[in-house]
Amino acid sequence: MAVTIELSDELRAIRHHLHRHPERSFEERATSAYLRDVLARHGVELLDDPMPTGVVARIEGAHPGPVVGLRADIDGLPVHEDSGLDFASANDGVMHACGHDLHMTSLLGAVFWLNAHRDLIHGTLRVIFQPAEELGRGARAVIDAGLADGLDAIIGTHNNPNYAPGVLAAGVQPMMAGCVRFRVDLHADGAHGGYPHKGTGPFEAMGSMILALQTIVSRNASPFHPLVVSVTEVHGGDVWNVIPAEAGFQGTARYFHREDGDLAARRFRQIVEATAAAYGIRADVEWDDFQAPLVCDPDLIAPVAAAIPAYAEAAPIMPSMAGEDFAEYAEVTRLVFAFVGSNGTPGCADWHSPRFVGFDESVKTGAEFYANAALETLHTLAAG
């Protein structure tokens with residue numbers, strides 16, 4: 001029988017408090033203190049946490065078995081909120097524009113239920129409220145601190161405003177993209193703006209590079225595999241009559257398949273270096289492929305996804321080109337993950353928008369996923 005968790009007045013109040021008081025990555029001290037207080041009031045065992053922010057707790061089941069992690073991210077974004085909510089951010093310039101307040105509250109709802117039903121748990125649940133997901137460094141901090149050691153699996157969620165509350169999407173397909181940060185610094189010979197022939201200015205080369213880089217997607221990658229290469233910032237020069245010696249640009253690449261990430265890296269360097277040579281300048285390239293695509297363990301997600309219709313509406317996965325550092329945990333354990341519907345109205349704002357709105361009702365769906373997935377995953381692991 002599926003676990004049912006109601007959206008209580010307490011959970012609604014917790015969500016509103018967390019949304020009203022967001023904090024930046026690795027600065028979530030008040031958030032962490034609040035979470036510890038709420039967990040302690042519900043009798044949940046808190047564990048020592050060597051990280052400056054974040055919270056780790058444990059639910060020891062009444063029966064022996066595997067160890068499964070439950071993770072929610074806790075940081076906000078440097079965004080000025082324009083949502084119109086009556087519980088909008090009170091921290092000027094910081095907002096839960098990615099819905100991490102929903103994630104925390106959903107996990108708390110599941111933890112309250114699971115801690116009260118330890119007789120149903122065959123194993124141990126390690127609860128991780130993780131900092132700094134928005135920097136792509138929080139999961140790595142958890143792993144490096146040893147807080148993911150010994151986990152047989154870990155379960156996570158991300159709200160998704162493209163689905164309505166009451167809807168879940170989970171399966172074996174890639175869910176969130178592999179992420180690359182790139183930067184190119186161009187070194188040329190500067191010159192007077194009236195004497196361009198006496199220098200090797202970088203701007204023409206930079207323009208050619210930016211245009212040519214778009215052919216990686218249009219002419220090198222398979223049209224059946226999503227791939228993005230986006231230049232998001234350019235810089236160079238500060239005087240109207242001087243052609244500078246230095247210029248550059250940076251941006252991001254996103255991919256779902258490892259071979260596409262490798263293709264993009266190879267062609268990126270070829271295009272930049274060959275173009276620089278053609279214009280008689282030098283290029284330094286940084287390609288930081290810092291986050292893998294998020295793909296669930298097929299043997300664990302199959303029974304979890306099959307059970308969803310008993311308590312929520314199951315929907316196909318709409319892959320996201322956003323990144324999620326939950327993927328980092330795949331280095332040390334097996335992943336179970338779902339999208340949780342958080343809005344679903346036509347034209348609603350998406351993640352990272354100052355107008356992003358996630359509905360309270362999504363907390364119920366998220367909490368039920370955490371609880372049901374935890375019990376199902378423990379059962380599957382124990383069965384071998």
# chains A, B, ... in the order shown; residues from 1 in each chain; ligands from 1
$ select_by_dssp --residues "segment 123-264 of chain A" --states "strand (DSSP E or B)" --output "VMD selection string"
chain A and resid 123 to 130 153 to 160 167 to 169 176 178 to 187 191 to 192 227 to 236 242 to 243 246 to 255
$ residues_around --residues "Asp144 of chain A" --least-positions-apart "4" --cutoff "12 Å" --atoms "only C-alpha atoms" --output "short mmCIF file (atom, residue, chain, number, x, y, z; two decimals) with N, CA and C atoms, in the first residue's frame"
data_model
loop_
_atom_site.label_atom_id
_atom_site.label_comp_id
_atom_site.auth_asym_id
_atom_site.auth_seq_id
_atom_site.Cartn_x
_atom_site.Cartn_y
_atom_site.Cartn_z
N ASP A 49 28.05 16.90 11.63
CA ASP A 49 28.26 17.31 10.24
C ASP A 49 29.48 18.22 10.20
N PRO A 50 30.57 17.79 9.57
CA PRO A 50 31.78 18.61 9.56
C PRO A 50 31.70 19.82 8.63
N MET A 51 30.66 19.90 7.80
CA MET A 51 30.53 21.03 6.89
C MET A 51 29.99 22.25 7.63
N ARG A 137 28.77 22.58 -6.36
CA ARG A 137 29.86 22.13 -5.49
C ARG A 137 29.37 21.49 -4.20
N GLY A 138 28.07 21.52 -3.96
CA GLY A 138 27.57 21.02 -2.69
C GLY A 138 27.64 19.52 -2.55
N ALA A 139 27.25 18.79 -3.59
CA ALA A 139 27.33 17.33 -3.54
C ALA A 139 28.77 16.88 -3.35
N ARG A 140 29.68 17.54 -4.03
CA ARG A 140 31.09 17.20 -3.88
C ARG A 140 31.55 17.43 -2.45
N ALA A 148 28.53 10.63 2.41
CA ALA A 148 27.86 9.68 1.51
C ALA A 148 28.48 8.30 1.58
N ASP A 149 29.47 8.12 2.44
CA ASP A 149 30.12 6.80 2.57
C ASP A 149 29.10 5.76 3.05
N GLU A 328 26.57 13.97 -9.09
CA GLU A 328 27.88 13.67 -8.53
C GLU A 328 27.86 12.42 -7.64
N TYR A 329 26.72 12.16 -7.02
CA TYR A 329 26.64 11.02 -6.11
C TYR A 329 26.80 9.68 -6.85
N GLU A 331 29.17 8.74 -8.43
CA GLU A 331 30.54 8.26 -8.24
C GLU A 331 30.66 7.33 -7.05
N VAL A 332 29.72 7.44 -6.10
CA VAL A 332 29.86 6.66 -4.86
C VAL A 332 28.67 5.76 -4.58
#
$ closest_atom_pairs --of "segment 139-189 of chain A" --to "segment 271-276 of chain A" --cutoff "12 Å" --atoms "only C-alpha atoms" --output "Markdown table"
| residue | atom | partner | partner_atom | distance |
| --- | --- | --- | --- | --- |
| A:Phe182 | CA | A:Val272 | CA | 11.7 |
| A:Arg183 | CA | A:Val272 | CA | 10.8 |
| A:Val184 | CA | A:Val272 | CA | 8.2 |
| A:Asp185 | CA | A:Val272 | CA | 10.2 |
| A:Leu186 | CA | A:Ala276 | CA | 7.9 |
| A:His187 | CA | A:Ala276 | CA | 9.1 |
| A:Ala188 | CA | A:Ala276 | CA | 9.3 |
$ write_last_selection --atoms "N, CA and C atoms" --output "compact mmCIF listing (two decimals), in the first residue's frame"
# COMPACT_ATOMS: atom_id res chain seq x y z
N PHE A 182 33.06 26.99 -20.06
CA PHE A 182 34.25 27.24 -20.89
C PHE A 182 34.62 28.71 -20.86
N ARG A 183 35.91 28.95 -21.09
CA ARG A 183 36.44 30.31 -21.16
C ARG A 183 37.57 30.33 -22.19
N VAL A 184 37.59 31.37 -22.99
CA VAL A 184 38.65 31.56 -23.99
C VAL A 184 39.25 32.94 -23.79
N ASP A 185 40.57 32.99 -23.63
CA ASP A 185 41.29 34.26 -23.53
C ASP A 185 42.17 34.41 -24.77
N LEU A 186 42.00 35.52 -25.45
CA LEU A 186 42.71 35.79 -26.70
C LEU A 186 43.81 36.81 -26.46
N HIS A 187 44.99 36.54 -27.01
CA HIS A 187 46.16 37.41 -26.82
C HIS A 187 46.66 37.83 -28.20
N ALA A 188 46.63 39.14 -28.44
CA ALA A 188 46.99 39.68 -29.76
C ALA A 188 47.96 40.85 -29.57
$ select_by_dssp --residues "segment 28-222 of chain A" --states "alpha helix (DSSP H)" --output "CSV table (one decimal) with C-alpha atoms, in the first residue's frame"
chain,number,residue,atom,x,y,z
A,29,ARG,CA,23.6,29.0,8.4
A,30,ALA,CA,20.1,30.2,9.5
A,31,THR,CA,18.5,27.7,7.2
A,32,SER,CA,20.6,24.9,8.6
A,33,ALA,CA,19.8,26.0,12.2
A,34,TYR,CA,16.1,26.1,11.4
A,35,LEU,CA,16.2,22.6,9.9
A,36,ARG,CA,18.0,21.2,12.9
A,37,ASP,CA,15.5,22.7,15.2
A,38,VAL,CA,12.5,21.3,13.2
A,39,LEU,CA,14.1,17.8,13.0
A,40,ALA,CA,14.9,17.8,16.8
A,41,ARG,CA,11.3,18.8,17.6
A,100,HIS,CA,14.7,24.5,-3.0
A,101,ASP,CA,12.3,25.5,-0.3
A,102,LEU,CA,9.9,23.0,-1.8
A,103,HIS,CA,12.6,20.3,-1.8
A,104,MET,CA,13.5,20.9,1.9
A,105,THR,CA,9.8,20.9,3.0
A,106,SER,CA,9.0,17.8,1.0
A,107,LEU,CA,11.9,15.9,2.5
A,108,LEU,CA,10.9,17.1,6.0
A,109,GLY,CA,7.3,15.8,5.4
A,110,ALA,CA,8.7,12.4,4.4
A,111,VAL,CA,11.1,12.3,7.3
A,112,PHE,CA,8.3,13.1,9.8
A,113,TRP,CA,6.3,10.1,8.4
A,114,LEU,CA,9.2,7.7,8.2
A,115,ASN,CA,10.5,8.5,11.6
A,116,ALA,CA,7.0,7.8,13.0
A,138,GLY,CA,27.6,21.0,-2.7
A,139,ALA,CA,27.3,17.3,-3.5
A,140,ARG,CA,31.1,17.2,-3.9
A,141,ALA,CA,31.4,18.8,-0.4
A,142,VAL,CA,29.1,16.1,1.0
A,143,ILE,CA,31.1,13.3,-0.6
A,144,ASP,CA,34.5,14.8,0.4
A,203,PHE,CA,37.9,41.1,-32.2
A,204,GLU,CA,37.6,39.7,-35.7
A,205,ALA,CA,39.0,36.4,-34.6
A,206,MET,CA,36.6,36.3,-31.6
A,207,GLY,CA,33.6,37.0,-33.9
A,208,SER,CA,34.6,34.2,-36.2
A,209,MET,CA,35.1,31.8,-33.3
A,210,ILE,CA,31.7,32.5,-31.8
A,211,LEU,CA,29.9,32.0,-35.1
A,212,ALA,CA,31.9,28.9,-36.0
A,213,LEU,CA,31.3,27.3,-32.6
A,215,THR,CA,28.4,24.6,-36.1
$ residues_around --residues "Glu23 of chain A" --least-positions-apart "6" --cutoff "7 Å" --atoms "only C-alpha atoms" --output "PyMOL selection string"
chain A and resi 75-76+94
$ residues_around --residues "Gly201 of chain A" --least-positions-apart "4" --cutoff "7 Å" --atoms "only C-alpha atoms" --output "list in words"
Ala188, Asp189, Gly190, Ile243, Pro244 and Ala245 of chain A
$ residues_around --residues "segment 131-136 of chain A" --least-positions-apart "2" --cutoff "6 Å" --atoms "only C-alpha atoms" --output "list in words"
Ser25, Phe26, Gly54, Asp73, Ile74, Asp75, Gly138 and Asp325 of chain A
$ residues_around --residues "Ala305 of chain A" --least-positions-apart "6" --cutoff "10 Å" --atoms "only C-alpha atoms" --output "PyMOL selection string"
chain A and resi 168-172+314-315+336-338+369+373+376
$ write_last_selection --atoms "N, CA and C atoms" --output "mmCIF file, in the first residue's frame"
data_model
loop_
_atom_site.group_PDB
_atom_site.id
_atom_site.type_symbol
_atom_site.label_atom_id
_atom_site.label_comp_id
_atom_site.auth_asym_id
_atom_site.auth_seq_id
_atom_site.Cartn_x
_atom_site.Cartn_y
_atom_site.Cartn_z
ATOM 1 N N LEU A 168 4.367 13.248 -11.148
ATOM 2 C CA LEU A 168 5.760 12.837 -10.992
ATOM 3 C C LEU A 168 6.269 12.276 -12.311
ATOM 4 N N ALA A 169 7.545 12.520 -12.596
ATOM 5 C CA ALA A 169 8.195 11.942 -13.775
ATOM 6 C C ALA A 169 9.488 11.282 -13.331
ATOM 7 N N ALA A 170 9.616 10.000 -13.621
ATOM 8 C CA ALA A 170 10.824 9.253 -13.249
ATOM 9 C C ALA A 170 11.007 8.116 -14.230
ATOM 10 N N GLY A 171 12.251 7.766 -14.502
ATOM 11 C CA GLY A 171 12.519 6.683 -15.432
ATOM 12 C C GLY A 171 13.990 6.538 -15.715
ATOM 13 N N VAL A 172 14.315 5.790 -16.755
ATOM 14 C CA VAL A 172 15.707 5.468 -17.059
ATOM 15 C C VAL A 172 16.359 6.477 -17.999
ATOM 16 N N ALA A 314 1.667 9.676 -13.042
ATOM 17 C CA ALA A 314 2.966 9.471 -13.684
ATOM 18 C C ALA A 314 2.971 10.137 -15.049
ATOM 19 N N ALA A 315 4.055 10.858 -15.353
ATOM 20 C CA ALA A 315 4.177 11.566 -16.633
ATOM 21 C C ALA A 315 5.519 11.227 -17.266
ATOM 22 N N VAL A 336 18.439 7.460 -7.530
ATOM 23 C CA VAL A 336 16.996 7.431 -7.770
ATOM 24 C C VAL A 336 16.530 8.884 -7.718
ATOM 25 N N PHE A 337 15.796 9.326 -8.743
ATOM 26 C CA PHE A 337 15.482 10.748 -8.854
ATOM 27 C C PHE A 337 14.151 10.918 -9.577
ATOM 28 N N ALA A 338 13.447 12.010 -9.262
ATOM 29 C CA ALA A 338 12.177 12.290 -9.933
ATOM 30 C C ALA A 338 11.975 13.787 -10.073
ATOM 31 N N PHE A 369 6.741 10.994 -2.708
ATOM 32 C CA PHE A 369 7.764 10.322 -3.509
ATOM 33 C C PHE A 369 8.937 9.900 -2.635
ATOM 34 N N ALA A 373 9.550 6.020 -2.356
ATOM 35 C CA ALA A 373 10.790 5.600 -3.007
ATOM 36 C C ALA A 373 11.769 5.017 -1.997
ATOM 37 N N GLU A 376 10.536 1.472 -1.166
ATOM 38 C CA GLU A 376 10.683 0.601 -2.351
ATOM 39 C C GLU A 376 12.152 0.304 -2.620
#
$ residues_around --residues "Gly194 of chain A" --least-positions-apart "2" --cutoff "10 Å" --atoms "only C-alpha atoms" --output "PDB file with N, CA, C and O atoms, in the first residue's frame"
ATOM      1  N   ALA A 191      46.744  47.924 -31.076  1.00  0.00           N
ATOM      2  CA  ALA A 191      47.136  48.975 -32.018  1.00  0.00           C
ATOM      3  C   ALA A 191      46.205  50.172 -31.872  1.00  0.00           C
ATOM      4  O   ALA A 191      45.137  50.087 -31.264  1.00  0.00           O
ATOM      5  N   HIS A 192      46.614  51.288 -32.464  1.00  0.00           N
ATOM      6  CA  HIS A 192      45.748  52.461 -32.557  1.00  0.00           C
ATOM      7  C   HIS A 192      44.566  52.121 -33.463  1.00  0.00           C
ATOM      8  O   HIS A 192      44.714  51.413 -34.463  1.00  0.00           O
ATOM      9  N   PRO A 196      44.998  49.875 -37.811  1.00  0.00           N
ATOM     10  CA  PRO A 196      44.774  48.454 -37.490  1.00  0.00           C
ATOM     11  C   PRO A 196      45.799  47.526 -38.120  1.00  0.00           C
ATOM     12  O   PRO A 196      46.035  46.429 -37.611  1.00  0.00           O
ATOM     13  N   HIS A 197      46.414  47.950 -39.213  1.00  0.00           N
ATOM     14  CA  HIS A 197      47.372  47.085 -39.893  1.00  0.00           C
ATOM     15  C   HIS A 197      48.657  46.905 -39.099  1.00  0.00           C
ATOM     16  O   HIS A 197      49.471  46.036 -39.419  1.00  0.00           O
ATOM     17  N   LYS A 198      48.833  47.721 -38.045  1.00  0.00           N
ATOM     18  CA  LYS A 198      50.036  47.595 -37.234  1.00  0.00           C
ATOM     19  C   LYS A 198      49.842  46.674 -36.025  1.00  0.00           C
ATOM     20  O   LYS A 198      50.719  46.575 -35.182  1.00  0.00           O
ATOM     21  N   ASN A 241      39.356  54.459 -29.056  1.00  0.00           N
ATOM     22  CA  ASN A 241      40.249  54.569 -30.212  1.00  0.00           C
ATOM     23  C   ASN A 241      41.453  53.635 -30.123  1.00  0.00           C
ATOM     24  O   ASN A 241      42.474  53.855 -30.772  1.00  0.00           O
ATOM     25  N   VAL A 242      41.337  52.568 -29.331  1.00  0.00           N
ATOM     26  CA  VAL A 242      42.427  51.600 -29.187  1.00  0.00           C
ATOM     27  C   VAL A 242      41.900  50.204 -29.477  1.00  0.00           C
ATOM     28  O   VAL A 242      40.894  49.782 -28.898  1.00  0.00           O
ATOM     29  N   ILE A 243      42.564  49.494 -30.362  1.00  0.00           N
ATOM     30  CA  ILE A 243      42.274  48.078 -30.571  1.00  0.00           C
ATOM     31  C   ILE A 243      43.048  47.322 -29.494  1.00  0.00           C
ATOM     32  O   ILE A 243      44.277  47.364 -29.459  1.00  0.00           O
TER      33      ILE A 243
END
$ closest_residue --among "A:Leu300, A:Ile121, A:His225, A:Val234" --to "Leu263 of chain A" --atoms "only C-alpha atoms"
A:His225
$ atom_distance --atom1 "atom CA of Asp299 of chain A" --atom2 "atom CA of Arg71 of chain A"
19.6 Å
